[in-house]
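Colleague: Have a look at this one before I ask anything.
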Amino acid sequence: MEFRVLGPLEVRTGDGRAVALGGARPRAVLARLLVARGTVVSSDALIDDLYAGAPPPSALPTLHSYVSNLRRALEPGRLPRARPGLLIGRPPGYLLAAEHVDADRFAELLRRAELRPPVEALACLEEALGLWRGTPYGEFAEEPWAVTEVSRLRELRLVALERRANVLLELGRAQAVITDLETEAVANPLRERLWSLLALALYRTGRQAEALGVLRHAAELLADQLGLDPSPELRALEQDILRQAGSLLPAHDTPAFVTAPPSTPAFVTAPPSTPAFVSTPPSTPAMRGRDRQLAELTALAARAADAGLSLAAVSGEPGIGKTLLLEEFGTHCAARLGQLVLRGRCHDAEGTPPLWPWIQVLEALEHHCPPPDRQALAGLLDAGTPAGPADGMLFQRNQAVARWLSSAARARPLVIVLDDLQWADAASLDLLRDLVVLLRAASVTLVAAFRTGCDDPLGRLAHYDLLSLRMSGLEPAAVRAMAADLGVELDADAALRMAGRTAGNPFFIRESLRLLAQGQAMDAVPDGVAELVRQRLDALAGDPAALEVAAVIGREFDPAIVTEVAGQEASDLLDRAARPSLAGDLLDRAVRSGLLQAAGSGRLAFAHDLVREALVRDLPPLRKAAVHRDLAAALAARPSTDVAVIAHHAVQAGRESYGQAVHWATAAAEQSGLRLAYQEAATWWGHAVAAHDAAGGDPAQHVELLLCHTRALLAAGDPATARRSAATALRTADRIPAGHVPAGPRTADRVPTGPHTADRVPAGRDLVVRALTALDTPALWVLRDPYETVHRPLVHRLETALDDLPATDSPERALLLARLAQELYDGTADPRCDTLSAQAVAMARRLGDPHLLIRALNARHLSIPQPQSLPELIKLTGELHELARRTRNPRVELLAGMMDTHNRLETFDIAGADQAAARCEALLERLPLPCPASSTPSGGPTGSPSTAASTRPTRSTTTRTTRPATSSSGTPARPSPPAASP
């Protein structure tokens, strides 16, 4: 759908048909959402704008009906109950995910014109101005909610008109701009730039007197209406016209841009006396049809040296040429701009260490500029263990990386190129987002490429002036040029047909051209790359097992590993696949295309990921599992192999290698934890648990693995899945017989200990206690659904565990008391909640363990009713703030801030709540913290937890009710839900 707002509001389908939007108010709803430009507009704001502040009682259901009708009009093919893709309901209202808006296209063309030589800039500006059909937003232009956006668009149009006039003047076409400038100057009499351009155009057409008359008329208008003198620009222009200065004539002898035939560079460097523009490198055969993208990236890198951090995103389908563009761009930056280029590439996340692209970048940087604080990078550049609280360590580590990059950029501008970002792990993306904030003033150009069809990994960076380059298919002229480079002659019709059949994908085009070069007809070209790969494999002599093993490893691989796994005959096959032959028989013609290529250091790589993916897709499941098993064994024998790579193959081997999967997945999880990549650590612990369960491992060890998984999930901000893991740990611990001796060492840490914990519980009972108290994340809500009845079996388990413990103080007893108090809380003012949570707090104080006290205070805050206990809750929150500072735990500080916000709202202290929310917002700006647990399960650890996911909090969540309020009778009062979408 194309949305047109540069005139009366219109929506048109891809084939140009107008979409019926209904009456004035449905059109107003759509216009209001378009004005918001992809952000959420609350239902209240929509209703207020729709009815000018006087809505009828039926306003909300009427709005829902408007939205439903608009959805049917905008997405006629959407199935019933299918999720909408354009007009999306998102609390507290709606947003319009419109990709094709003429106003956005206009702004993009205007920005692009800045980077073009005059001829190309003129084409961009003509296209941009041609999008205008009248007053922006038509009948809604005077609405209060549209005025600002309409003014912005009108200003951009004037800027475009001025730039177009300036470009035409540069090209010596002064007569072409006079009429338009006269019209616009009369319509905007106080815009001095228009008068200046009009006077210059008149002068260049030989109308000196009229030029002076225009300037004097502008001066009279300014004096009469504003009491101001003309600007220095107008006064200087008048003096230049009076003395007929040579600077007023077009500088045809020293143009900054020179148009050239396609075979020469599109840009040339200007003489030193004129403003210099960065030269773009000549096209190479591999870059056919990509001159524009290369020029934009080159200009971006040139600006970064003076303007600070520059960002670019290159996207496109597989095989479209993203990697080639990045390689050519990096080569140009290093050779012509003298910048230091650092490259990082993502691989399949399942088999790649956390932060892998950044590890590559930083290891390359280390050769040129050692890090100023290597200790702060522990776990990233080496296997050292970071010291300090997890959240604080993560931010300190990211700050250290930013300081290192900034220091290096001061000596030499940096270009960081990240490829295949669609496979990046969460930790890599988090580091990228932090660096974008921390490197704003550094001379750094950061370019990332990713495949379309996946979630946009750079979506959260769109408001940081991101240059977005979406690569599309090549035009027939570029196809014909590629054919000439490969020695294949194509006429215009054949090039057009091939561009259509391949959708302009350079990889498909190259493969098709190579088959043509081998004597095959164009009709014999396969439709997809998988078929091409199969044809080329059939032409290779020998067992294709070697290539299958190589494909399972990844795009780049060590031939020695492949030979070890696939057998000795693999070496010859790899050589033939990697080395083009000049012979003329069928085998040599098939090998000419080169499935593999040299990757340096004796390694080989597939010519394209699609080749490797086609091979892996065709492997039978059992054969693939056996290859993974053999690869895990071969890689484990090499000390330099990253444990995550070994773990990936061991896990994928399935039943072939359960024992090894547990061992290596555990090692990979611990490595991820050292690197503060918590989501990856949780994933690896999950793999270890699954493999251990499938292998029928020792139950005590299984509980330990589950507890490690629970802890990792809590650190990753996923309390819902953590509850499921804790529930499984409890069920498993119940099945361990008395006197059971674990088959191996424990892998999980014990609960926090204090100075008075000499009396420990027996090992079997200890696992039950630890499973019952495993959910130790800071929480905004009780760890069970307060709207359901108390889960009596779990309460009984907690009471029994307390009875089995010694009566003396211990961390286990304090944690069980705190957990029992939370489980009993249901809003009915059960006195046991008050008693048990008070006992837990008192015991934690006696033990002197601040971490234990934090958990006890958190439980106390969640176990006593509101609003009767507000004074105590406010006091508890203050103590949590102090403990957070003492223990340097930002997650607890965030929890205390959000609790403080809610408590102050309960006392109608709006100013205090705003201040507390602002502190939370500041904390979230500095640290990548997960939200304190706030989703509610339908039961405790033995129930069926909900699948609600925890999300990173925002300012709105810090001011929203975070636990069920209670009425004067003590029963829970459900918060009012936001307006639902129809």
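Following the order of the structure tokens, chains are lettered A, B, ..., residues in each are numbered from 1, and ligands are numbered from 1.
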Would you list the contacts of Leu876 of chain A as a count of residues only, taking every protein, DNA or RNA residue within 9 Å and counting only C-alpha atoms, but skipping same-chain residues closer than 2 positions in sequence?

Modeller: 13

Colleague: Report as a tab-separated table: every residue of segment 308-346 of chain A with an atom at most 7 Å from segment 439-449 of chain A, its closest pair of atoms, and their distance in Å to one decimal, counting only C-alpha atoms, with rows sorted by chain and ascending residue number.

Modeller:
```
residue	atom	partner	partner_atom	distance
A:Gly308	CA	A:Ala441	CA	4.5
A:Leu309	CA	A:Val444	CA	4.9
A:Ser310	CA	A:Thr445	CA	4.8
A:Leu311	CA	A:Leu446	CA	5.0
A:Ala312	CA	A:Val447	CA	4.7
A:Ala313	CA	A:Ala448	CA	5.0
A:Val314	CA	A:Ala449	CA	4.5
A:Ser315	CA	A:Ala449	CA	5.6
A:Lys322	CA	A:Ala449	CA	6.5
```

Colleague: Write out as a PyMOL selection string the residues lying within 12 Å of segment 399-406 of chain A, counting only C-alpha atoms and excluding same-chain residues fewer than 4 positions away.

Modeller: chain A and resi 305+308-309+340+342+358-359+361-366+368-378+380-381+392-395+410-416+431-446+926-927

Colleague: Just want the 8 Å neighbourhood of Val549 of chain A, counted on only C-alpha atoms, with same-chain residues fewer than 3 positions away dropped. Output as a list in words.

Modeller: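 That gives Ala545, Ala546, Val552, Ile553, Val562, Val565, Ala566 and Val627 of chain A.
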
Colleague: Could you write out that same residue set with N, CA and C atoms as an mmCIF file, in the first residue's frame?

Modeller:
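The resulting file, result16.cif, is reproduced below:
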```cif
data_model
loop_
_atom_site.group_PDB
_atom_site.id
_atom_site.type_symbol
_atom_site.label_atom_id
_atom_site.label_comp_id
_atom_site.auth_asym_id
_atom_site.auth_seq_id
_atom_site.Cartn_x
_atom_site.Cartn_y
_atom_site.Cartn_z
ATOM 1 N N ALA A 545 30.747 -36.491 0.100
ATOM 2 C CA ALA A 545 30.714 -36.409 1.564
ATOM 3 C C ALA A 545 31.582 -35.277 2.087
ATOM 4 N N ALA A 546 32.706 -35.014 1.407
ATOM 5 C CA ALA A 546 33.601 -33.959 1.887
ATOM 6 C C ALA A 546 32.903 -32.605 1.881
ATOM 7 N N VAL A 552 28.373 -28.542 6.808
ATOM 8 C CA VAL A 552 27.905 -28.618 8.197
ATOM 9 C C VAL A 552 28.779 -27.748 9.097
ATOM 10 N N ILE A 553 30.075 -27.645 8.795
ATOM 11 C CA ILE A 553 30.966 -26.807 9.607
ATOM 12 C C ILE A 553 30.564 -25.346 9.502
ATOM 13 N N VAL A 562 37.939 -31.447 7.638
ATOM 14 C CA VAL A 562 37.054 -32.149 6.707
ATOM 15 C C VAL A 562 37.670 -33.479 6.300
ATOM 16 N N VAL A 565 37.350 -36.036 9.076
ATOM 17 C CA VAL A 565 36.001 -36.560 9.310
ATOM 18 C C VAL A 565 35.475 -37.345 8.117
ATOM 19 N N ALA A 566 35.734 -36.845 6.895
ATOM 20 C CA ALA A 566 35.150 -37.456 5.705
ATOM 21 C C ALA A 566 36.013 -38.546 5.097
ATOM 22 N N VAL A 627 27.549 -36.596 11.179
ATOM 23 C CA VAL A 627 28.595 -35.632 10.831
ATOM 24 C C VAL A 627 28.862 -34.695 11.995
#
```

Colleague: Within 7 Å of Leu87 of chain A, counting only C-alpha atoms, which residues show up once you throw out same-chain ones fewer than 4 positions away? Write them as a ChimeraX atom specification, please.

Modeller: /A:71,94-97

Colleague: Which polymer residues have any atom within 12 Å of an atom of Arg27 of chain A, counting only C-alpha atoms, with same-chain residues fewer than 6 positions away left out, as a list in words?

Modeller: Phe3, Val5, Pro8, Leu9, Glu10, Val11, Val19, Ala20, Leu21, Leu33, Leu34, Leu50, Leu63, Tyr66, Val67, Asn69, Leu70, Ala73, Tyr137, Gly138, Glu139 and Phe140 of chain A

Colleague: For the strand (DSSP E) assignment from backbone DSSP, which residues of segment 549-726 of chain A qualify? Please present them as number ranges by chain.

Modeller: A: 556-557, 596-600, 603-606

Colleague: Please compute the atom CA of Asp834 of chain A-atom CA of Arg711 of chain A distance, one decimal, in Å.

Modeller: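 Between atom CA of Asp834 of chain A and atom CA of Arg711 of chain A the gap works out to 27.7 Å.
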
Colleague: How would you write, as a PyMOL selection string, the set of residues in segment 66-122 of chain A that DSSP gives as helix (DSSP H, G or I)?

Modeller: chain A and resi 66-74+102-113+118-122

Colleague: Quick one: everything within 10 Å of segment 142-149 of chain A, counting only C-alpha atoms, minus sequence neighbours fewer than 6 positions away in the same chain. Send it as a list in words.

Modeller: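 Listing them by chain and then by number gives Ala28, Ala31, Arg32, Leu34, Val35, Ala36, Arg37, Ala45, Leu46, Asp49, Leu50, Ala52, Pro136 and Glu155 of chain A.
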
Colleague: Save out the residues we just selected, all heavy atoms, as a short mmCIF file (atom, residue, chain, number, x, y, z; two decimals), in the first residue's frame.

Modeller:
```
data_model
loop_
_atom_site.label_atom_id
_atom_site.label_comp_id
_atom_site.auth_asym_id
_atom_site.auth_seq_id
_atom_site.Cartn_x
_atom_site.Cartn_y
_atom_site.Cartn_z
N ALA A 28 -9.78 10.75 9.09
CA ALA A 28 -9.05 11.51 10.10
C ALA A 28 -8.23 10.59 10.99
O ALA A 28 -7.11 10.93 11.39
CB ALA A 28 -10.03 12.34 10.94
N ALA A 31 -5.21 9.69 8.99
CA ALA A 31 -4.31 10.83 8.89
C ALA A 31 -3.59 11.08 10.21
O ALA A 31 -2.38 11.38 10.23
CB ALA A 31 -5.10 12.08 8.48
N ARG A 32 -4.31 10.94 11.33
CA ARG A 32 -3.68 11.15 12.65
C ARG A 32 -2.57 10.14 12.88
O ARG A 32 -1.51 10.49 13.44
CB ARG A 32 -4.75 11.04 13.74
CG ARG A 32 -4.21 11.23 15.15
CD ARG A 32 -3.68 12.64 15.35
NE ARG A 32 -3.13 12.83 16.68
CZ ARG A 32 -1.89 12.55 17.01
NH1 ARG A 32 -1.05 12.07 16.11
NH2 ARG A 32 -1.45 12.78 18.25
N LEU A 34 -0.83 8.62 10.51
CA LEU A 34 0.26 8.95 9.59
C LEU A 34 1.09 10.12 10.12
O LEU A 34 2.32 10.14 9.96
CB LEU A 34 -0.30 9.29 8.21
CG LEU A 34 -0.72 8.10 7.35
CD1 LEU A 34 -1.60 8.55 6.20
CD2 LEU A 34 0.50 7.34 6.83
N VAL A 35 0.45 11.09 10.73
CA VAL A 35 1.17 12.21 11.33
C VAL A 35 2.13 11.71 12.40
O VAL A 35 3.23 12.26 12.57
CB VAL A 35 0.18 13.24 11.91
CG1 VAL A 35 0.87 14.21 12.84
CG2 VAL A 35 -0.51 13.99 10.79
N ALA A 36 1.75 10.66 13.12
CA ALA A 36 2.60 10.12 14.19
C ALA A 36 3.84 9.42 13.66
O ALA A 36 4.76 9.13 14.42
CB ALA A 36 1.80 9.15 15.06
N ARG A 37 3.88 9.09 12.37
CA ARG A 37 5.07 8.55 11.70
C ARG A 37 5.61 7.30 12.40
O ARG A 37 6.76 7.23 12.78
CB ARG A 37 6.15 9.62 11.60
CG ARG A 37 5.72 10.84 10.81
CD ARG A 37 6.64 12.01 10.97
NE ARG A 37 7.96 11.75 10.41
CZ ARG A 37 9.01 12.54 10.58
NH1 ARG A 37 8.88 13.64 11.31
NH2 ARG A 37 10.17 12.26 10.04
N ALA A 45 -5.94 9.94 22.94
CA ALA A 45 -5.52 11.03 22.06
C ALA A 45 -6.31 11.00 20.76
O ALA A 45 -6.71 12.05 20.23
CB ALA A 45 -4.02 10.96 21.79
N LEU A 46 -6.52 9.81 20.21
CA LEU A 46 -7.29 9.70 18.97
C LEU A 46 -8.71 10.23 19.16
O LEU A 46 -9.24 10.97 18.32
CB LEU A 46 -7.32 8.25 18.50
CG LEU A 46 -6.06 7.73 17.82
CD1 LEU A 46 -6.15 6.22 17.64
CD2 LEU A 46 -5.87 8.40 16.46
N ASP A 49 -8.68 14.06 19.58
CA ASP A 49 -8.46 14.76 18.31
C ASP A 49 -9.64 14.60 17.36
O ASP A 49 -9.97 15.51 16.59
CB ASP A 49 -7.18 14.22 17.64
CG ASP A 49 -5.93 14.60 18.41
OD1 ASP A 49 -5.98 15.58 19.18
OD2 ASP A 49 -4.91 13.90 18.26
N LEU A 50 -10.27 13.42 17.41
CA LEU A 50 -11.36 13.14 16.48
C LEU A 50 -12.59 13.99 16.79
O LEU A 50 -13.29 14.44 15.88
CB LEU A 50 -11.72 11.65 16.58
CG LEU A 50 -12.38 10.99 15.38
CD1 LEU A 50 -11.51 11.12 14.15
CD2 LEU A 50 -12.65 9.52 15.68
N ALA A 52 -12.53 16.84 18.81
CA ALA A 52 -12.16 18.20 19.24
C ALA A 52 -12.38 18.42 20.72
O ALA A 52 -12.87 19.47 21.16
CB ALA A 52 -12.93 19.24 18.43
N PRO A 136 -0.34 19.59 2.09
CA PRO A 136 -0.18 18.32 2.80
C PRO A 136 -1.39 18.01 3.68
O PRO A 136 -1.93 18.88 4.37
CB PRO A 136 1.08 18.52 3.65
CG PRO A 136 1.84 19.59 2.94
CD PRO A 136 0.81 20.49 2.32
N GLU A 155 8.07 23.40 4.92
CA GLU A 155 9.45 23.90 5.01
C GLU A 155 10.40 23.05 4.16
O GLU A 155 11.26 23.58 3.45
CB GLU A 155 9.90 23.91 6.47
CG GLU A 155 11.37 24.24 6.70
CD GLU A 155 11.72 25.66 6.25
OE1 GLU A 155 10.82 26.51 6.16
OE2 GLU A 155 12.91 25.89 5.98
#
```

Colleague: With distances taken over only C-alpha atoms, which of A:Val150, A:Ala218, A:Met843, A:Leu86 is nearest to His100 of chain A?

Modeller: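 The shortest atom-to-atom distance to His100 of chain A comes from A:Leu86.
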
Colleague: My list of candidates is A:Arg723, A:Arg770, A:Arg451, A:Arg675. Which is closest to Pro354 of chain A when distances are computed with only C-alpha atoms?

Modeller: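 Under the stated criterion, the closest residue is A:Arg675.
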
Colleague: Find the distance between atom CA of Glu564 of chain A and atom CA of Glu548 of chain A and write it in Å to one decimal.

Modeller: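 Distance between the two atoms: 13.3 Å.
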